[in-house]
There are 2 protein chains.
Amino acid sequence: MLDPIESLRGRGLSVTAQRIAVLRAVSGRPHGTADDLAEDVRREIGTISRQAVYNALGTLAAHGLIRRIQPSGSAARYEDRVGDDHQHLVCRSCGEMVDVDCAPGETPCLNVVDDAGYEIDEAEVVYWGTCPKCLKAR
Amino acid sequence: MLDPIESLRGRGLSVTAQRIAVLRAVSGRPHGTADDLAEDVRREIGTISRQAVYNALGTLAAHGLIRRIQPSGSAARYEDRVGDDHQHLVCRSCGEMVDVDCAPGETPCLNVVDDAGYEIDEAEVVYWGTCPKCLKAR
DNA sequence: TCCAGAAATTGAAATAATCAAAATAATGCT
DNA sequence: AGCATTATTTTGATTATTTCAATTTCTGGA
């Protein structure tokens, strides 16, 4: 992971204890929710307001330092793997989320038949299934 | 659109005025939120409780009569196009959602490099971009 | 028609996220 | 380093979406 302070400076963002801690938390717990991350941050710097967590996550995501994922039926999650085109695999049963790398070169049908005049900038893929643990539990 | 009563019977579901109206509403307003649909239903049958709308949507989705979509940063939406593999295109600016058909035969990388032991049953794709209206408005 | 189970209504509540105003901290300049 | 400006954080309230639980009503089958 890049130094949080450098990362913030690099984007022209103010460097605050909260943002640094949030960045670290996202690194340390990939796919954490805002609530998960707030807990981690509190463990690191003692206290932070909910609002500051949301602000930091929003700002960091807007500047491409982290990525926001919004799976069906769960709070938004955040991760610091950005810039590669990995996707996510979510367990329908327990909600666990893991990264998956797509076969290189096989960009998922970015050529849609009819783009309806939209300017498309991202194709987001979520794979749904059942994780090994939940498969065993049946 | 199939007859709502037949659709319900076909799945062994009780036929209620609320479910029929919800099915019709979903047909008539693709990509509507629960709230949008509740309004439409009220226009048709006068009154329905919020809970009944959610129950109906949940049940219908669970039985494959409708599909639930959960785009980042918006309430869940519903549509009655099921059984084909069309995907969605969402405008980042105004939130509008339209259907897109993928180029036939180009199933989006269903062969992930490492499935982490998951049993994958669905690949959900959301295209993000800017709609023609919002492009013009710039 | 009547009964048992399913679904709807009602009202409260949980969850996730955002808003707004005041207090605090960071940055840039001298 | 000190100070003013601007951005960020805190605080507390608020919205939006969805779910829970108890009661009433309706549906489908005997």
# chains A, B, ... in the order shown; residues from 1 in each chain; ligands from 1
call {"tool": "select_by_dssp", "arguments": {"residues": "chain B", "states": "alpha helix (DSSP H)", "output": "PDB file with C-alpha atoms, in the first residue's frame"}}
result
ATOM      1  CA  PRO B   4     -50.792 -11.738 -13.895  1.00  0.00           C
ATOM      2  CA  ILE B   5     -53.335 -14.195 -12.549  1.00  0.00           C
ATOM      3  CA  GLU B   6     -51.931 -17.004 -14.646  1.00  0.00           C
ATOM      4  CA  SER B   7     -48.406 -16.064 -13.643  1.00  0.00           C
ATOM      5  CA  LEU B   8     -49.263 -16.266  -9.959  1.00  0.00           C
ATOM      6  CA  ARG B   9     -51.211 -19.518 -10.288  1.00  0.00           C
ATOM      7  CA  GLY B  10     -48.397 -21.003 -12.306  1.00  0.00           C
ATOM      8  CA  ALA B  17     -55.558  -7.903  -5.704  1.00  0.00           C
ATOM      9  CA  GLN B  18     -52.336  -6.420  -4.358  1.00  0.00           C
ATOM     10  CA  ARG B  19     -50.059  -8.870  -6.134  1.00  0.00           C
ATOM     11  CA  ILE B  20     -51.905  -8.473  -9.406  1.00  0.00           C
ATOM     12  CA  ALA B  21     -51.665  -4.716  -9.196  1.00  0.00           C
ATOM     13  CA  VAL B  22     -47.980  -4.844  -8.270  1.00  0.00           C
ATOM     14  CA  LEU B  23     -47.246  -7.116 -11.203  1.00  0.00           C
ATOM     15  CA  ARG B  24     -49.085  -4.758 -13.533  1.00  0.00           C
ATOM     16  CA  ALA B  25     -47.260  -1.778 -12.086  1.00  0.00           C
ATOM     17  CA  VAL B  26     -43.870  -3.413 -12.593  1.00  0.00           C
ATOM     18  CA  SER B  27     -44.832  -4.158 -16.183  1.00  0.00           C
ATOM     19  CA  GLY B  28     -45.986  -0.626 -16.774  1.00  0.00           C
ATOM     20  CA  ALA B  34     -40.952   0.333  -4.505  1.00  0.00           C
ATOM     21  CA  ASP B  35     -42.256   3.827  -3.934  1.00  0.00           C
ATOM     22  CA  ASP B  36     -42.918   4.529  -7.612  1.00  0.00           C
ATOM     23  CA  LEU B  37     -44.737   1.240  -7.891  1.00  0.00           C
ATOM     24  CA  ALA B  38     -46.804   1.836  -4.768  1.00  0.00           C
ATOM     25  CA  GLU B  39     -48.045   5.066  -6.329  1.00  0.00           C
ATOM     26  CA  ASP B  40     -48.995   3.305  -9.540  1.00  0.00           C
ATOM     27  CA  VAL B  41     -50.760   0.595  -7.617  1.00  0.00           C
ATOM     28  CA  ARG B  42     -52.741   3.152  -5.649  1.00  0.00           C
ATOM     29  CA  ARG B  43     -53.809   4.745  -8.867  1.00  0.00           C
ATOM     30  CA  GLU B  44     -55.112   1.373  -9.963  1.00  0.00           C
ATOM     31  CA  ILE B  45     -56.699  -0.122  -6.869  1.00  0.00           C
ATOM     32  CA  ARG B  50     -46.232  -0.076   1.990  1.00  0.00           C
ATOM     33  CA  GLN B  51     -45.605  -3.434   3.571  1.00  0.00           C
ATOM     34  CA  ALA B  52     -47.813  -5.234   1.054  1.00  0.00           C
ATOM     35  CA  VAL B  53     -45.826  -3.661  -1.757  1.00  0.00           C
ATOM     36  CA  TYR B  54     -42.569  -4.866  -0.278  1.00  0.00           C
ATOM     37  CA  ASN B  55     -44.006  -8.290   0.450  1.00  0.00           C
ATOM     38  CA  ALA B  56     -45.362  -8.657  -3.051  1.00  0.00           C
ATOM     39  CA  LEU B  57     -42.147  -7.459  -4.671  1.00  0.00           C
ATOM     40  CA  GLY B  58     -40.112  -9.792  -2.499  1.00  0.00           C
ATOM     41  CA  THR B  59     -42.315 -12.792  -3.180  1.00  0.00           C
ATOM     42  CA  LEU B  60     -42.580 -12.134  -6.888  1.00  0.00           C
ATOM     43  CA  ALA B  61     -38.837 -11.716  -7.162  1.00  0.00           C
ATOM     44  CA  ALA B  62     -38.204 -14.863  -5.149  1.00  0.00           C
ATOM     45  CA  PRO B 132     -27.780  11.624 -23.800  1.00  0.00           C
ATOM     46  CA  LYS B 133     -29.867  14.213 -21.965  1.00  0.00           C
ATOM     47  CA  CYS B 134     -27.189  14.835 -19.359  1.00  0.00           C
ATOM     48  CA  LEU B 135     -24.485  14.881 -22.021  1.00  0.00           C
ATOM     49  CA  LYS B 136     -26.345  17.659 -23.798  1.00  0.00           C
TER      50      LYS B 136
END
call {"tool": "closest_atom_pairs", "arguments": {"of": "chain B", "to": "chain D", "cutoff": "9 Å", "atoms": "only C-alpha atoms (C1' of nucleotides)", "output": "JSON lines"}}
result
{"residue": "B:Ser14", "atom": "CA", "partner": "D:DT27", "partner_atom": "C1'", "distance": 6.6}
{"residue": "B:Val15", "atom": "CA", "partner": "D:DT27", "partner_atom": "C1'", "distance": 7.4}
{"residue": "B:Thr16", "atom": "CA", "partner": "D:DT27", "partner_atom": "C1'", "distance": 7.7}
{"residue": "B:Gln51", "atom": "CA", "partner": "D:DT19", "partner_atom": "C1'", "distance": 8.8}
{"residue": "B:Tyr54", "atom": "CA", "partner": "D:DT18", "partner_atom": "C1'", "distance": 8.2}
{"residue": "B:Ala75", "atom": "CA", "partner": "D:DT17", "partner_atom": "C1'", "distance": 6.7}
{"residue": "B:Ala76", "atom": "CA", "partner": "D:DT17", "partner_atom": "C1'", "distance": 8.8}
call {"tool": "write_last_selection", "arguments": {"atoms": "C-alpha atoms", "output": "PDB file, in the first residue's frame"}}
result
ATOM      1  CA  SER B  14     -52.111 -16.989  -3.871  1.00  0.00           C
ATOM      2  CA  VAL B  15     -53.818 -14.546  -6.167  1.00  0.00           C
ATOM      3  CA  THR B  16     -54.489 -11.272  -4.406  1.00  0.00           C
ATOM      4  CA  GLN B  51     -45.605  -3.434   3.571  1.00  0.00           C
ATOM      5  CA  TYR B  54     -42.569  -4.866  -0.278  1.00  0.00           C
ATOM      6  CA  ALA B  75     -33.370   2.314  -3.869  1.00  0.00           C
ATOM      7  CA  ALA B  76     -33.944  -1.123  -5.328  1.00  0.00           C
TER       8      ALA B  76
END
call {"tool": "interface_residues", "arguments": {"of": "chain C", "to": "chain A", "cutoff": "12 Å", "atoms": "only C-alpha atoms (C1' of nucleotides)", "output": "list in words"}}
result
DT15, DA16, DA17, DT18, DC19, DT24, DA25, DA26 and DT27 of chain C
call {"tool": "closest_residue", "arguments": {"among": "A:Tyr78, A:Gly73, A:Gly95, A:Ile48", "to": "chain B", "atoms": "only C-alpha atoms"}}
result
A:Gly73
call {"tool": "select_by_dssp", "arguments": {"residues": "chain B", "states": "strand (DSSP E)", "output": "PyMOL selection string"}}
result
chain B and resi 32-33+67-69+77-79+87-91+97-100+119-130
call {"tool": "atom_distance", "arguments": {"atom1": "CA of Ser72 (chain A)", "atom2": "CA of Leu2 (chain B)"}}
result
27.1 Å
call {"tool": "closest_residue", "arguments": {"among": "B:Val90, B:Val125, B:Ala116, B:Ala137", "to": "chain A", "atoms": "only C-alpha atoms"}}
result
B:Val125
call {"tool": "atom_distance", "arguments": {"atom1": "CA of Leu13 (chain B)", "atom2": "CA of Leu65 (chain B)"}}
result
10.9 Å
call {"tool": "decode", "arguments": {"residues": "region 116-130 of chain A", "atoms": "N, CA, C and O atoms", "output": "PDB file, in the first residue's frame"}}
result
ATOM      1  N   ALA A 116     -27.808   3.270 -26.513  1.00  0.00           N
ATOM      2  CA  ALA A 116     -28.886   4.234 -26.228  1.00  0.00           C
ATOM      3  C   ALA A 116     -28.373   5.672 -26.123  1.00  0.00           C
ATOM      4  O   ALA A 116     -28.978   6.501 -25.467  1.00  0.00           O
ATOM      5  N   GLY A 117     -27.241   5.938 -26.741  1.00  0.00           N
ATOM      6  CA  GLY A 117     -26.697   7.285 -26.722  1.00  0.00           C
ATOM      7  C   GLY A 117     -25.891   7.608 -25.480  1.00  0.00           C
ATOM      8  O   GLY A 117     -25.409   8.719 -25.322  1.00  0.00           O
ATOM      9  N   TYR A 118     -25.743   6.634 -24.613  1.00  0.00           N
ATOM     10  CA  TYR A 118     -24.978   6.850 -23.390  1.00  0.00           C
ATOM     11  C   TYR A 118     -23.486   6.868 -23.692  1.00  0.00           C
ATOM     12  O   TYR A 118     -23.016   6.214 -24.628  1.00  0.00           O
ATOM     13  N   GLU A 119     -22.770   7.605 -22.873  1.00  0.00           N
ATOM     14  CA  GLU A 119     -21.318   7.536 -22.913  1.00  0.00           C
ATOM     15  C   GLU A 119     -20.904   6.623 -21.761  1.00  0.00           C
ATOM     16  O   GLU A 119     -20.932   7.040 -20.604  1.00  0.00           O
ATOM     17  N   ILE A 120     -20.580   5.394 -22.062  1.00  0.00           N
ATOM     18  CA  ILE A 120     -20.292   4.396 -21.037  1.00  0.00           C
ATOM     19  C   ILE A 120     -18.860   4.533 -20.550  1.00  0.00           C
ATOM     20  O   ILE A 120     -17.935   4.645 -21.345  1.00  0.00           O
ATOM     21  N   ASP A 121     -18.655   4.564 -19.243  1.00  0.00           N
ATOM     22  CA  ASP A 121     -17.277   4.648 -18.750  1.00  0.00           C
ATOM     23  C   ASP A 121     -16.865   3.481 -17.868  1.00  0.00           C
ATOM     24  O   ASP A 121     -15.717   3.338 -17.519  1.00  0.00           O
ATOM     25  N   GLU A 122     -17.813   2.650 -17.482  1.00  0.00           N
ATOM     26  CA  GLU A 122     -17.444   1.534 -16.615  1.00  0.00           C
ATOM     27  C   GLU A 122     -18.420   0.391 -16.741  1.00  0.00           C
ATOM     28  O   GLU A 122     -19.622   0.597 -16.867  1.00  0.00           O
ATOM     29  N   ALA A 123     -17.884  -0.817 -16.722  1.00  0.00           N
ATOM     30  CA  ALA A 123     -18.730  -2.001 -16.651  1.00  0.00           C
ATOM     31  C   ALA A 123     -18.453  -2.671 -15.310  1.00  0.00           C
ATOM     32  O   ALA A 123     -17.336  -3.068 -15.015  1.00  0.00           O
ATOM     33  N   GLU A 124     -19.478  -2.727 -14.502  1.00  0.00           N
ATOM     34  CA  GLU A 124     -19.325  -3.288 -13.160  1.00  0.00           C
ATOM     35  C   GLU A 124     -19.923  -4.688 -13.160  1.00  0.00           C
ATOM     36  O   GLU A 124     -21.058  -4.888 -13.578  1.00  0.00           O
ATOM     37  N   VAL A 125     -19.155  -5.646 -12.705  1.00  0.00           N
ATOM     38  CA  VAL A 125     -19.645  -7.023 -12.713  1.00  0.00           C
ATOM     39  C   VAL A 125     -19.685  -7.575 -11.296  1.00  0.00           C
ATOM     40  O   VAL A 125     -18.723  -7.441 -10.542  1.00  0.00           O
ATOM     41  N   VAL A 126     -20.807  -8.149 -10.937  1.00  0.00           N
ATOM     42  CA  VAL A 126     -20.897  -8.843  -9.652  1.00  0.00           C
ATOM     43  C   VAL A 126     -21.328 -10.277  -9.917  1.00  0.00           C
ATOM     44  O   VAL A 126     -22.353 -10.511 -10.561  1.00  0.00           O
ATOM     45  N   TYR A 127     -20.536 -11.207  -9.428  1.00  0.00           N
ATOM     46  CA  TYR A 127     -20.894 -12.611  -9.550  1.00  0.00           C
ATOM     47  C   TYR A 127     -21.610 -13.038  -8.281  1.00  0.00           C
ATOM     48  O   TYR A 127     -21.146 -12.750  -7.174  1.00  0.00           O
ATOM     49  N   TRP A 128     -22.749 -13.690  -8.453  1.00  0.00           N
ATOM     50  CA  TRP A 128     -23.508 -14.179  -7.312  1.00  0.00           C
ATOM     51  C   TRP A 128     -23.413 -15.693  -7.239  1.00  0.00           C
ATOM     52  O   TRP A 128     -23.450 -16.361  -8.260  1.00  0.00           O
ATOM     53  N   GLY A 129     -23.290 -16.184  -6.008  1.00  0.00           N
ATOM     54  CA  GLY A 129     -23.208 -17.623  -5.853  1.00  0.00           C
ATOM     55  C   GLY A 129     -23.219 -18.005  -4.388  1.00  0.00           C
ATOM     56  O   GLY A 129     -23.746 -17.273  -3.555  1.00  0.00           O
ATOM     57  N   THR A 130     -22.629 -19.144  -4.097  1.00  0.00           N
ATOM     58  CA  THR A 130     -22.585 -19.632  -2.731  1.00  0.00           C
ATOM     59  C   THR A 130     -21.141 -19.950  -2.376  1.00  0.00           C
ATOM     60  O   THR A 130     -20.441 -20.590  -3.156  1.00  0.00           O
TER      61      THR A 130
END
